[in-house]
Structures are given as structure tokens and as C-alpha cells.
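> For reference, this is data_26.txt, and it has compact mmCIF, C-alpha atoms and all ligand atoms.
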# COMPACT_ATOMS: atom_id res chain seq x y z
CA MET A 30 170.83 168.57 66.08
CA PRO A 31 172.18 167.72 62.60
CA ARG A 32 172.09 164.08 61.54
CA SER A 33 175.27 162.20 62.41
CA VAL A 34 177.52 161.30 59.54
CA VAL A 35 176.98 157.57 60.05
CA ARG A 36 173.21 158.12 59.87
CA ARG A 37 173.73 159.94 56.57
CA LEU A 38 175.86 157.08 55.23
CA ASP A 39 173.18 154.60 56.28
CA ALA A 40 170.57 156.60 54.36
CA VAL A 41 172.76 156.48 51.24
CA VAL A 42 173.18 152.70 51.57
CA ASN A 43 169.46 152.32 52.10
CA ASP A 44 168.68 154.23 48.88
CA PHE A 45 171.08 151.97 46.99
CA VAL A 46 169.40 148.83 48.32
CA LEU A 47 165.96 150.12 47.39
CA ARG A 48 166.81 151.14 43.83
CA CYS A 49 169.38 148.61 42.55
CA ARG A 50 167.71 146.37 39.95
CA PHE A 51 169.90 143.38 40.73
CA PHE A 52 168.31 143.15 44.18
CA ARG A 53 164.76 143.77 43.03
CA GLU A 54 164.58 141.53 39.99
CA PRO A 55 164.37 137.74 40.28
CA MET A 56 167.57 135.67 40.41
CA THR A 57 168.08 133.33 37.46
CA LYS A 58 170.57 130.61 36.66
CA GLY A 59 172.34 132.84 34.12
CA ARG A 60 172.60 135.75 36.54
CA ALA A 61 173.86 133.54 39.36
CA GLN A 62 176.51 131.97 37.14
CA MET A 63 177.61 135.35 35.84
CA PHE A 64 177.77 136.62 39.42
CA ALA A 65 180.07 133.74 40.40
CA MET A 66 182.40 134.42 37.46
CA GLN A 67 182.53 138.20 37.80
CA HIS A 68 182.57 138.38 41.55
CA GLN A 69 185.54 136.09 42.10
CA LEU A 70 187.45 138.34 39.69
CA ASN A 71 186.10 141.45 41.34
CA THR A 72 186.91 140.30 44.85
CA ARG A 73 190.48 139.64 43.83
CA GLN A 74 190.87 142.97 42.04
CA ARG A 75 189.40 144.93 44.92
CA ASN A 76 191.28 143.12 47.68
CA SER A 77 194.68 142.70 46.05
CA VAL A 78 194.82 146.05 44.26
CA LEU A 79 192.24 148.68 45.09
CA LYS A 80 191.82 148.37 48.85
CA LEU A 81 195.58 148.17 49.31
CA LYS A 82 195.90 151.62 47.78
CA VAL A 83 193.60 152.86 50.52
CA ALA A 84 195.73 151.10 53.15
CA THR A 85 198.84 152.75 51.73
CA ASN A 86 197.27 156.18 52.16
CA CYS A 87 195.85 155.49 55.62
CA THR A 88 197.62 157.40 58.38
CA ASP A 89 195.88 155.63 61.26
CA TRP A 90 197.95 152.54 62.00
CA ASP A 91 195.18 150.39 63.55
CA THR A 92 192.83 151.12 60.69
CA ARG A 93 195.54 150.35 58.16
CA ILE A 94 196.22 146.97 59.74
CA ARG A 95 192.51 146.17 59.82
CA ILE A 96 192.28 146.89 56.09
CA LEU A 97 195.18 144.53 55.42
CA LYS A 98 193.65 141.83 57.61
CA ALA A 99 190.30 142.04 55.82
CA CYS A 100 192.05 141.93 52.42
CA SER A 101 194.05 138.89 53.44
CA GLU A 102 190.84 137.07 54.42
CA GLU A 103 189.46 137.81 50.99
CA VAL A 104 192.46 136.84 48.89
CA ILE A 105 194.79 134.68 51.01
CA ALA A 106 193.08 132.81 53.84
CA ASP A 107 190.18 133.39 56.21
CA HIS A 108 190.83 131.40 59.38
CA GLU A 109 188.07 133.10 61.30
CA HIS A 110 185.04 132.46 59.07
CA GLY A 111 186.26 130.56 56.02
CA GLY A 112 188.04 127.49 57.41
CA GLY A 113 191.39 128.81 56.21
CA ARG A 114 190.33 129.40 52.63
CA ALA A 115 190.17 132.70 50.77
CA HIS A 116 186.74 134.09 49.94
CA TRP A 117 187.27 133.90 46.18
CA GLN A 118 188.12 130.18 46.48
CA ILE A 119 184.92 129.58 48.43
CA LEU A 120 183.04 131.44 45.69
CA GLU A 121 184.70 129.28 43.04
CA ASP A 122 183.35 126.18 44.78
CA LEU A 123 179.90 127.71 44.81
CA GLY A 124 180.21 128.41 41.07
CA VAL A 125 180.96 124.74 40.47
CA ARG A 126 177.89 123.75 42.51
CA ILE A 127 175.62 125.85 40.30
CA GLY A 128 176.77 124.20 37.10
CA LEU A 129 179.94 125.98 35.98
CA LYS A 130 183.11 124.09 35.20
CA ARG A 131 186.07 125.03 37.35
CA ALA A 132 188.04 125.88 34.20
CA GLN A 133 185.24 128.23 33.14
CA LEU A 134 185.59 130.10 36.41
CA GLN A 135 189.36 130.16 36.20
CA LYS A 136 189.35 131.44 32.64
CA ALA A 137 186.56 133.96 33.17
CA THR A 138 187.25 137.48 31.95
CA PRO A 139 185.75 140.70 33.29
CA LEU A 140 182.69 142.02 31.45
CA PRO A 141 183.03 145.52 29.92
CA SER A 142 180.80 146.78 32.74
CA THR A 143 183.12 145.20 35.33
CA GLN A 144 186.18 146.73 33.66
CA LEU A 145 184.51 150.13 33.69
CA CYS A 146 183.81 149.74 37.41
CA TRP A 147 187.42 148.87 38.17
CA ALA A 148 188.52 152.06 36.41
CA ALA A 149 185.93 154.08 38.30
CA TRP A 150 186.91 152.57 41.64
CA GLU A 151 190.54 153.28 40.87
CA GLY A 152 189.58 156.94 40.70
CA LEU A 153 187.61 156.72 43.92
CA MET A 154 190.16 154.73 45.91
CA ALA A 155 193.72 155.29 44.69
CA ASN A 156 194.12 159.04 44.79
CA LYS A 157 191.64 160.03 47.43
CA HIS A 158 191.94 160.84 51.08
CA TRP A 159 192.06 157.56 53.00
CA LEU A 160 188.83 158.30 54.86
CA GLU A 161 186.96 158.51 51.54
CA GLY A 162 188.89 155.39 50.55
CA ILE A 163 187.76 153.47 53.56
CA VAL A 164 184.16 154.32 52.75
CA ALA A 165 184.88 152.96 49.25
CA ASN A 166 186.35 149.79 50.77
CA THR A 167 183.43 149.03 53.03
CA CYS A 168 180.20 150.62 51.75
CA ALA A 169 179.18 147.61 49.68
CA GLU A 170 179.92 145.17 52.50
CA ARG A 171 177.51 147.25 54.53
CA VAL A 172 174.56 145.80 52.61
CA ASN A 173 175.35 142.41 54.15
CA VAL A 174 174.53 143.89 57.53
CA PRO A 175 170.82 143.61 58.39
CA GLY A 176 168.85 146.85 58.62
CA TYR A 177 168.70 148.21 55.06
CA GLY A 178 165.86 147.93 52.56
CA THR A 179 162.71 146.04 53.45
CA GLY A 180 161.49 142.52 54.25
CA LEU A 181 164.01 139.71 54.13
CA PHE A 182 166.72 142.11 52.97
CA LYS A 183 166.24 144.15 56.09
CA ARG A 184 166.16 141.11 58.35
CA ARG A 185 169.07 139.17 56.87
CA GLY A 186 171.08 141.51 54.62
CA TRP A 187 171.87 141.03 50.93
CA PHE A 188 173.60 137.67 51.22
CA GLY A 189 170.77 136.42 53.41
CA VAL A 190 168.51 137.19 50.44
CA GLU A 191 170.89 135.48 47.99
CA ARG A 192 171.08 132.44 50.25
CA GLN A 193 167.32 132.09 50.00
CA ARG A 194 167.19 132.77 46.25
CA TRP A 195 170.10 130.49 45.33
CA GLY A 196 168.96 127.82 47.80
CA ARG A 197 165.62 127.59 46.03
CA LEU A 198 166.98 127.87 42.50
CA PHE A 199 169.73 125.28 42.84
CA GLU A 200 168.53 123.27 45.86
CA LEU A 201 171.58 124.06 47.92
CA THR A 202 172.04 123.66 51.68
CA ASN A 203 173.47 126.38 53.89
CA ASP A 204 176.74 124.44 54.10
CA GLU A 205 176.97 124.48 50.34
CA MET A 206 176.43 128.24 50.39
CA LYS A 207 179.32 128.99 52.73
CA PHE A 208 180.19 131.99 50.55
CA PHE A 209 176.98 133.69 51.67
CA THR A 210 176.87 132.55 55.31
CA LEU A 211 180.47 133.51 55.92
CA HIS A 212 179.83 137.06 54.71
CA GLU A 213 176.80 137.41 56.87
CA GLU A 214 179.38 137.32 59.71
CA ALA A 215 182.60 138.63 58.19
CA ASP A 216 181.11 141.69 56.52
CA ILE A 217 179.60 142.95 59.74
CA LEU A 218 183.16 143.16 61.03
CA HIS A 219 184.63 144.41 57.75
CA SER A 220 182.09 147.17 57.32
CA ASN A 221 181.98 148.15 61.00
CA MET A 222 185.64 148.96 60.63
CA GLY A 223 184.79 151.51 57.94
CA TRP A 224 181.81 153.03 59.70
CA GLN A 225 183.75 153.31 62.98
CA ALA A 226 186.69 155.03 61.28
CA VAL A 227 184.29 157.54 59.74
CA GLU A 228 182.60 158.12 63.07
CA ARG A 229 185.97 158.72 64.69
CA PHE A 230 187.70 160.84 62.05
CA ALA A 231 185.15 162.59 59.80
CA ARG A 232 184.44 165.49 62.12
CA GLU A 233 188.02 165.98 63.21
CA LEU A 234 189.12 166.12 59.55
CA HIS A 235 186.11 168.22 58.45
CA MET A 236 185.18 165.53 55.96
CA GLU A 237 181.55 164.74 56.77
CA ASP A 238 180.18 165.89 53.41
CA ALA A 239 183.11 164.32 51.55
CA VAL A 240 182.54 160.84 53.00
CA VAL A 241 178.82 160.95 52.29
CA ALA A 242 179.54 161.96 48.68
CA ALA A 243 182.14 159.18 48.43
CA CYS A 244 179.58 156.66 49.62
CA GLU A 245 177.06 157.82 47.01
CA ARG A 246 179.56 157.66 44.16
CA ASN A 247 180.93 154.27 45.12
CA LEU A 248 177.46 152.80 45.29
CA TYR A 249 176.63 154.21 41.84
CA VAL A 250 179.56 152.13 40.64
CA TRP A 251 178.35 149.05 42.52
CA GLU A 252 174.95 149.50 40.95
CA HIS A 253 176.51 149.54 37.49
CA TYR A 254 178.58 146.48 38.37
CA LEU A 255 175.62 144.43 39.60
CA ASN A 256 173.27 145.48 36.83
CA GLY A 257 176.06 144.65 34.37
CA ILE A 258 176.14 141.15 35.83
CA ALA A 259 172.37 140.89 35.38
CA ALA A 260 172.63 141.92 31.72
CA GLY A 261 175.62 139.62 31.16
CA GLY A 262 173.81 136.75 32.86
CA ASP A 263 170.74 137.26 30.69
CA ALA A 264 172.97 137.25 27.59
CA LEU A 265 174.60 134.02 28.79
CA ALA A 266 171.19 132.37 29.15
CA ARG A 267 170.10 133.56 25.68
CA MET A 268 173.27 132.15 24.11
CA ARG A 269 172.47 128.71 25.50
CA ARG A 270 168.97 128.62 24.11
FE FE A 301 184.63 138.42 51.22
FE FE A 302 184.42 141.47 53.34
What's the C-alpha cells form of this structure?


Amino acid sequence: MPRSVVRRLDAVVNDFVLRCRFFREPMTKGRAQMFAMQHQLNTRQRNSVLKLKVATNCTDWDTRIRILKACSEEVIADHEHGGGRAHWQILEDLGVRIGLKRAQLQKATPLPSTQLCWAAWEGLMANKHWLEGIVANTCAERVNVPGYGTGLFKRRGWFGVERQRWGRLFELTNDEMKFFTLHEEADILHSNMGWQAVERFARELHMEDAVVAACERNLYVWEHYLNGIAAGGDALARMRR
């Protein structure tokens, strides 16, 4: 029997986790601070612009509403996991806890690598079939679900790893790292939505190969985005020396 499409997507995600330098190299203060600045911008761009284009194209009503609900948790208010605050606001608080000024976060601009990724995602999300779009929406949240990679990553997911790394580096408690703990719950739901839609529709629409290719391409972009943050964070640390 051929491998199911979800199995194939999982293999693509697993490859990404194993190769991406940002996950494999040590976390540093500069990289963490650059992550906070870039990611609150990125979260807002993705959830107020890019993912909405996918929702617009989505012909399945329930899936469309689920996209909108997830986006609203990210950019407006998360009552389920975030105490009524948007994810980017929770990330801003975390940025302040690791030594950035709030104004620095609010005035942050996207790195060239981040801008390039937004343009690439635009191509992968705006004018694509919605099923490829939903893979684009959710494939990176998938790495917050345990099961990919090895060791702690496999047991706790990406943000479980970051919680440990940032906790040690900045002596933060789990409460102070709400941004990570909340995603360890929310992204299971957010990404399950994507994987379930693929499971339901890929065969019927004859799009199995297309969604696997979409997943690969989107994760190439995520890899560029995260490694760009690493390089930008290293530059930030050098500037301070
Ligand atoms: Fe989020
Ligand atoms: Fe999410």
C-alpha cells in the first residue's frame, strides 16, 4: 500500500527539523532577541495578510472558519490559551523579559531575509489552491507538535526545546514563557486542522503530490527565515561588542 499523504507530509516536516541550523545550533542572547523582534512581525504578517488569502480561496466552509479563528487568536485575542491576549502581544512581553525595550520591539523592521520570505510565502499562499495554502498555513506549526526530530525535540516539540533553552539562558519560569507554553497547546489544534483537511481532501482533489511539494517549499522558506534570524542575531551581538 502506498504511504498515506499525511505520512509523507510528516516525513517532510521531519527532514526540516533535522536539517534546519536554527534548531541544531545553540541559542544565544542575540538570536533570541532577534527572534522576538522578527517573529512578532512575522506572526502579524502571516496571520493578518497571508493566511487570510488562503481563507478567501477556501471552498470548505468549516475549514475557512477554522483558519479565521486561528488567525484571530494570533492577531486579535486568544481566549482559549492566551488569557485574551494576541500571540504577538505575548511575544512582545517575552522580548521585554529578555532585555529588549518595548519601543525596540515596536519599532523593529523586518530583516532582508524576513522580507524575502514574505514575498516567497505570498507566492505560495495567495495564488495557490486552498489545499496547498492550508499546508502553507500550518506546516510550521506542526513542528510544535511532539514526534519530529530526536531527543527533547521529539518529546516536546520545537517550543518545548526553546522553553528549555531560553529558560536556562535568561532564567525564566514557565509562566514567563507563556509564548512557548501556549503554542505547545494551540499549535496542536492549529496544525491538526491543516493535516485533517489534507487527509480529507487531497485524494478527492487528486492533489497528494501537490500538497507534499507545497509542504517542502514552504519549509524551505521557513528554514531561510529562521537561519536569517540566526545570522541577524549574531550580527546584533557583534554590534554590541
Ligand atoms: Fe501563535
Ligand atoms: Fe498557531

> For ligand FE 302 (chain A), which of A:Val78, A:Ala99, A:Ala259, A:Ala132 is the closest residue, counting all atoms listed in the file?

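Closest residue, counting all atoms listed in the file: A:Ala99.
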
> Grab me every residue within 8 Å of ligand FE 301 (chain A), counting all atoms listed in the file, and send it over as a list in words.

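So, counting all atoms listed in the file, the residues near ligand FE 301 (chain A) are Thr72, Glu102, Glu103, Ala115, His116, Trp117, Phe208, Leu211, His212, Ala215 and Asp216 of chain A.
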
> Taking into account all atoms listed in the file, which residue in the set A:Cys146, A:Ala239, A:Val190, A:Leu38 is nearest to Glu252 of chain A?

A:Cys146

> Got a sec to check which residues lie within 12 Å of ligand FE 302 (chain A), using only C-alpha atoms and all ligand atoms, and send them as a VMD selection string?

chain A and resid 72 to 73 75 to 76 80 95 to 104 107 110 to 111 115 to 117 166 to 174 188 208 to 223

> Around all of segment 53-64 of chain A's listed atoms, make the axis-aligned box with 8 Å on each side and tell me centre and edge lengths in Å to one decimal, as lines of an AutoDock Vina configuration file.


center_x = 171.1
center_y = 137.2
center_z = 38.6
size_x = 29.4
size_y = 29.2
size_z = 24.9

> May I ask which of the residues A:Gly257, A:Thr143, A:Ile119, A:Leu47 is the closest one to Ile105 of chain A, counting all atoms listed in the file?

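Ranked by minimum distance to Ile105 of chain A, first place goes to A:Ile119.
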
> Can you tell me how far atom CA of Val35 of chain A sits from atom CA of Ala231 of chain A, in Å to one decimal?

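About the pair atom CA of Val35 of chain A and atom CA of Ala231 of chain A: they are 9.6 Å apart.
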
> How far is it from atom CA of His68 of chain A to atom CA of Gln225 of chain A, in Å with one decimal?

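These atoms are spaced 26.1 Å apart.
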
> Taking only C-alpha atoms into account, which of A:Gln135, A:Arg114, A:Lys82, A:Leu140 comes nearest Gly262 of chain A?

A:Leu140
